[in-house]
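Novice: Mind looking over this structure? Questions follow.
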Amino acid sequence: MIEFKSVSKVYQQGQIALQNINFKISSGEFVYLTGHSGAGKTSLMQLIAVIERASIGQVLFNGKDITDISLKEIPYLRRRIGMIFQDHHLMLNRTVAENVALPLLIRDFDEDEAYELVKQTLEKVGLQNKEEFYPLSLSTGEQQRVGIARAVVARPDVILADEPTGNLDKGLSQDILALFELLNRDGTTVVMASHDTDLLSTSPHRTLVLNHGHLVYDGEFNNIQ
Ligand SMILES: Nc1ncnc2c1ncn2[C@@H]1O[C@H](COP(=O)(O)OP(=O)(O)OP(=O)(O)O)[C@@H](O)[C@H]1O
């Protein structure tokens, strides 16, 4: 479902973020992306969501070459992707339910259908009783789960999670990881960038390791030297 063919990314100021990256992720996989700060993890994710474009090579999504897709096509691609970041950017003057409903309302979902999906998704992330709460009255872990609910409410094919547990303690990080695994069991492909190898070791999956923009490992987490 995601394929990089000899992809390099050089930013305008000359910083080389990715060099000759090749890999394939199949539908339904759970893949970790790890490596030191500045290794290129965020850049790689941004190429999948076409937040940035590859300088060389090709990026394929569901078999389609998205390297040079037009600006008009980008919203259709992003509908297939649920993006989760360390900072979830919730709208503080909107309730939990309103925050989660936002991607559906933008897409002109019928209000009843949207409400049903919001309800189901909040149940899945364990926030069924918090629909009418405002983000600031929730704990950090709960806020992150609202961000996850918002990213997955429209049933994306793939979750791109960039350091989703970056500011959470160990227990909460494990809860978030368990939640991704639950979504993955329902068929959603998950790509999760993290440098927290202690966390990843608790639940090993295929792992891509970046080092100064090079893909230096692609295999089982437990076999990383
Ligand atoms: N918008 C940008 N403009 C210029 N250079 C950038 C930009 N984004 C990233 N870089 C550079 O590209 C390289 C890879 O950065 P990237 O953010 O992808 O790494 P990362 O592995 O996600 O790091 P971290 O774990 O610290 O978030 C770094 O040298 C960074 O300075």
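FYI, nothing fancy with the structure tokens labels: chains A, B, ... in order, residues from 1 per chain, ligands from 1 as they appear.
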Taking only C-alpha atoms and all ligand atoms into account, which residues are within 9 Å of ligand 1, as number ranges by chain?

Specialist: A: 9-18, 33-46, 52, 162-163, 193-195, 210-213

Novice: Could you turn the residues from that selection into a file that holds N, CA and C atoms, as a tab-separated table (two decimals), in the first residue's frame?

Specialist:
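Ended up saving to out-v6.tsv:
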chain	number	residue	atom	x	y	z
A	9	LYS	N	15.19	13.01	-0.31
A	9	LYS	CA	14.58	14.31	-0.01
A	9	LYS	C	15.66	15.28	0.41
A	10	VAL	N	15.78	16.34	-0.37
A	10	VAL	CA	16.71	17.41	-0.02
A	10	VAL	C	15.87	18.68	0.13
A	11	TYR	N	15.96	19.32	1.29
A	11	TYR	CA	15.19	20.56	1.48
A	11	TYR	C	15.86	21.71	0.76
A	12	GLN	N	15.08	22.79	0.59
A	12	GLN	CA	15.56	23.91	-0.22
A	12	GLN	C	16.89	24.48	0.25
A	13	GLN	N	17.05	24.46	1.59
A	13	GLN	CA	18.29	25.02	2.12
A	13	GLN	C	19.46	24.05	1.97
A	14	GLY	N	19.23	22.90	1.36
A	14	GLY	CA	20.30	21.95	1.10
A	14	GLY	C	20.40	20.81	2.10
A	15	GLN	N	19.55	20.82	3.16
A	15	GLN	CA	19.63	19.71	4.13
A	15	GLN	C	19.15	18.43	3.48
A	16	ILE	N	19.98	17.40	3.57
A	16	ILE	CA	19.59	16.09	3.01
A	16	ILE	C	18.88	15.32	4.11
A	17	ALA	N	17.59	15.04	3.92
A	17	ALA	CA	16.81	14.36	4.96
A	17	ALA	C	16.70	12.86	4.70
A	18	LEU	N	16.61	12.47	3.42
A	18	LEU	CA	16.46	11.05	3.08
A	18	LEU	C	17.30	10.74	1.85
A	33	LEU	N	8.95	3.10	12.83
A	33	LEU	CA	9.98	3.86	12.15
A	33	LEU	C	10.81	4.49	13.27
A	34	THR	N	12.09	4.14	13.31
A	34	THR	CA	12.88	4.66	14.42
A	34	THR	C	14.23	5.18	13.92
A	35	GLY	N	14.99	5.75	14.83
A	35	GLY	CA	16.27	6.38	14.45
A	35	GLY	C	16.47	7.64	15.28
A	36	HIS	N	17.71	8.14	15.27
A	36	HIS	CA	18.06	9.29	16.11
A	36	HIS	C	17.29	10.55	15.70
A	37	SER	N	17.35	11.57	16.54
A	37	SER	CA	16.73	12.85	16.20
A	37	SER	C	17.40	13.40	14.92
A	38	GLY	N	16.57	13.78	13.96
A	38	GLY	CA	17.11	14.29	12.70
A	38	GLY	C	17.42	13.21	11.68
A	39	ALA	N	17.07	11.95	12.00
A	39	ALA	CA	17.38	10.84	11.08
A	39	ALA	C	16.53	10.87	9.81
A	40	GLY	N	15.35	11.52	9.89
A	40	GLY	CA	14.50	11.62	8.70
A	40	GLY	C	13.11	11.02	8.86
A	41	LYS	N	12.75	10.67	10.10
A	41	LYS	CA	11.46	9.99	10.34
A	41	LYS	C	10.27	10.86	9.91
A	42	THR	N	10.27	12.10	10.39
A	42	THR	CA	9.15	12.99	10.05
A	42	THR	C	9.13	13.26	8.56
A	43	SER	N	10.28	13.46	7.97
A	43	SER	CA	10.34	13.72	6.52
A	43	SER	C	9.72	12.56	5.75
A	44	LEU	N	10.03	11.34	6.17
A	44	LEU	CA	9.49	10.17	5.47
A	44	LEU	C	7.95	10.16	5.55
A	45	MET	N	7.43	10.44	6.74
A	45	MET	CA	5.97	10.47	6.92
A	45	MET	C	5.36	11.59	6.07
A	46	GLN	N	6.05	12.71	6.02
A	46	GLN	CA	5.51	13.85	5.27
A	46	GLN	C	5.46	13.58	3.77
A	52	GLU	N	5.29	17.16	2.15
A	52	GLU	CA	6.50	17.48	1.39
A	52	GLU	C	6.56	16.55	0.18
A	162	ASP	N	3.34	10.20	14.31
A	162	ASP	CA	4.70	10.73	14.47
A	162	ASP	C	4.95	11.05	15.94
A	163	GLU	N	5.74	10.24	16.59
A	163	GLU	CA	6.02	10.37	18.03
A	163	GLU	C	4.74	10.59	18.83
A	193	ALA	N	6.21	6.39	14.08
A	193	ALA	CA	7.59	6.84	14.30
A	193	ALA	C	7.79	7.08	15.79
A	194	SER	N	8.88	6.54	16.31
A	194	SER	CA	9.18	6.73	17.72
A	194	SER	C	10.66	6.47	17.96
A	195	HIS	N	11.25	7.22	18.88
A	195	HIS	CA	12.63	6.87	19.25
A	195	HIS	C	12.66	6.14	20.59
A	210	LEU	N	16.17	4.47	10.47
A	210	LEU	CA	16.86	5.49	9.68
A	210	LEU	C	18.07	5.99	10.43
A	211	ASN	N	19.13	6.26	9.67
A	211	ASN	CA	20.34	6.84	10.26
A	211	ASN	C	20.87	7.87	9.27
A	212	HIS	N	20.84	9.14	9.67
A	212	HIS	CA	21.27	10.22	8.78
A	212	HIS	C	20.68	10.10	7.38
A	213	GLY	N	19.39	9.81	7.33
A	213	GLY	CA	18.68	9.78	6.05
A	213	GLY	C	18.80	8.49	5.28

Novice: Could you write out, as a VMD selection string, all the residues of region 22-172 of chain A that DSSP marks as helix (DSSP H, G or I)?

Specialist: chain A and resid 41 to 48 71 to 78 96 to 106 111 to 124 135 to 137 140 to 152 170 to 172

Novice: Which one is closest to Asp157 (chain A): A:Arg53, A:Arg79, A:Lys72, A:Lys5? Count only C-alpha atoms.

Specialist: A:Arg79

Novice: Please list as a ChimeraX atom specification every residue within 12 Å of Leu200 (chain A), counting only C-alpha atoms and excluding residues in the same chain fewer than 2 positions away.

Specialist: /A:30-34,163,165,170,173-174,176-178,192-198,202-207,220-222,224

Novice: Using only C-alpha atoms, can you tell me which of A:Ile159, A:Leu71, A:Ala149, A:Ile51 comes closest to Glu98 (chain A)?

Specialist: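 Among A:Ile159, A:Leu71, A:Ala149, A:Ile51, it is A:Ala149 that comes nearest to Glu98 (chain A).
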
Novice: Would you list the contacts of Ala101 (chain A) as a PyMOL selection string, taking every protein, DNA or RNA residue within 8 Å and counting only C-alpha atoms, but skipping same-chain residues closer than 2 positions in sequence?

Specialist: chain A and resi 97-99+103-105+114-115+118+150+153

Novice: Restricting the calculation to only C-alpha atoms, which member of A:Ala154, A:Leu179, A:Leu208, A:Phe85 is positioned closest to Glu123 (chain A)?

Specialist: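 So, comparing all the options, the nearest one is A:Leu179.
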
Novice: List the spatial neighbours of Ile21 (chain A) as a VMD selection string - criterion: any atom at most 7 Å away, only C-alpha atoms, same-chain residues fewer than 5 positions off excluded.

Specialist: chain A and resid 4 to 8 214 to 215

Novice: Between A:Glu131, A:Val216, A:Asn62, A:Arg145, which residue has the minimum interatomic distance to Lys119 (chain A), considering only C-alpha atoms?

Specialist: A:Glu131

Novice: Could you check which of A:Val100, A:Arg107, A:Glu29, A:Pro135 is closest to Gln120 (chain A), using only C-alpha atoms?

Specialist: A:Val100

Novice: Taking the DSSP secondary structure from the backbone, can you list the residues of region 3-214 of chain A that are strand (DSSP E), as a ChimeraX atom specification?

Specialist: /A:3-10,16-25,30-35,56-61,64-65,81-85,158-162,189-193,206-211,214

Novice: For the residues selected in the previous step, produce a file with C-alpha atoms as a JSON list (two decimals), in the first residue's frame.

Specialist:
[["chain", "number", "residue", "atom", "x", "y", "z"],
["A", 3, "GLU", "CA", 6.08, 2.00, -1.53],
["A", 4, "PHE", "CA", 9.23, 4.11, -1.73],
["A", 5, "LYS", "CA", 11.38, 3.62, -4.83],
["A", 6, "SER", "CA", 14.84, 5.17, -4.61],
["A", 7, "VAL", "CA", 13.48, 8.19, -2.75],
["A", 8, "SER", "CA", 15.67, 11.09, -1.67],
["A", 9, "LYS", "CA", 14.58, 14.31, -0.01],
["A", 10, "VAL", "CA", 16.71, 17.41, -0.02],
["A", 16, "ILE", "CA", 19.59, 16.09, 3.01],
["A", 17, "ALA", "CA", 16.81, 14.36, 4.96],
["A", 18, "LEU", "CA", 16.46, 11.05, 3.08],
["A", 19, "GLN", "CA", 18.81, 9.22, 0.73],
["A", 20, "ASN", "CA", 17.84, 6.50, -1.71],
["A", 21, "ILE", "CA", 15.10, 4.96, 0.42],
["A", 22, "ASN", "CA", 13.44, 1.73, -0.75],
["A", 23, "PHE", "CA", 10.71, -0.19, 1.09],
["A", 24, "LYS", "CA", 7.21, -1.54, 0.70],
["A", 25, "ILE", "CA", 4.50, -1.66, 3.37],
["A", 30, "PHE", "CA", 2.09, -2.50, 11.66],
["A", 31, "VAL", "CA", 5.47, -0.86, 11.12],
["A", 32, "TYR", "CA", 7.71, 1.14, 13.44],
["A", 33, "LEU", "CA", 9.98, 3.86, 12.15],
["A", 34, "THR", "CA", 12.88, 4.66, 14.42],
["A", 35, "GLY", "CA", 16.27, 6.38, 14.45],
["A", 56, "ILE", "CA", 14.22, 12.13, -6.42],
["A", 57, "GLY", "CA", 12.43, 8.78, -6.77],
["A", 58, "GLN", "CA", 8.84, 7.72, -6.50],
["A", 59, "VAL", "CA", 6.33, 7.37, -3.65],
["A", 60, "LEU", "CA", 3.38, 5.07, -4.32],
["A", 61, "PHE", "CA", 0.17, 4.92, -2.30],
["A", 64, "LYS", "CA", -0.71, 5.12, -7.44],
["A", 65, "ASP", "CA", 2.35, 7.29, -7.92],
["A", 81, "ILE", "CA", -4.66, 8.80, 5.89],
["A", 82, "GLY", "CA", -5.13, 9.48, 9.61],
["A", 83, "MET", "CA", -2.31, 11.64, 10.91],
["A", 84, "ILE", "CA", -1.37, 11.72, 14.59],
["A", 85, "PHE", "CA", 1.30, 13.95, 16.08],
["A", 158, "VAL", "CA", -3.45, 4.02, 7.16],
["A", 159, "ILE", "CA", -2.49, 5.73, 10.41],
["A", 160, "LEU", "CA", 0.70, 7.80, 10.30],
["A", 161, "ALA", "CA", 1.68, 8.48, 13.91],
["A", 162, "ASP", "CA", 4.70, 10.73, 14.47],
["A", 189, "THR", "CA", -2.26, -0.14, 8.41],
["A", 190, "VAL", "CA", -0.15, 1.59, 11.07],
["A", 191, "VAL", "CA", 3.16, 3.40, 10.63],
["A", 192, "MET", "CA", 4.43, 4.76, 13.93],
["A", 193, "ALA", "CA", 7.59, 6.84, 14.30],
["A", 206, "ARG", "CA", 8.55, -4.83, 11.72],
["A", 207, "THR", "CA", 10.88, -1.87, 12.13],
["A", 208, "LEU", "CA", 12.51, 0.53, 9.70],
["A", 209, "VAL", "CA", 15.60, 2.22, 11.13],
["A", 210, "LEU", "CA", 16.86, 5.49, 9.68],
["A", 211, "ASN", "CA", 20.34, 6.84, 10.26],
["A", 214, "HIS", "CA", 19.69, 6.23, 5.14]]

Novice: Just give me the gap between CA of Leu172 (chain A) and CA of Ala151 (chain A) in Å, one decimal is fine.

Specialist: 18.3 Å

Novice: Which is closest to Asp169 (chain A) among A:Ser55, A:Ser139, A:Ser201, A:Thr121, if we use only C-alpha atoms?

Specialist: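 Of all the options, A:Ser139 lies closest to Asp169 (chain A).
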
Novice: Can you tell me which residues surround Ser137 (chain A) at a distance of at most 12 Å, considering only C-alpha atoms, apart from same-chain residues fewer than 6 positions away, and format the answer as a PyMOL selection string?

Specialist: chain A and resi 92-96+130-131+143
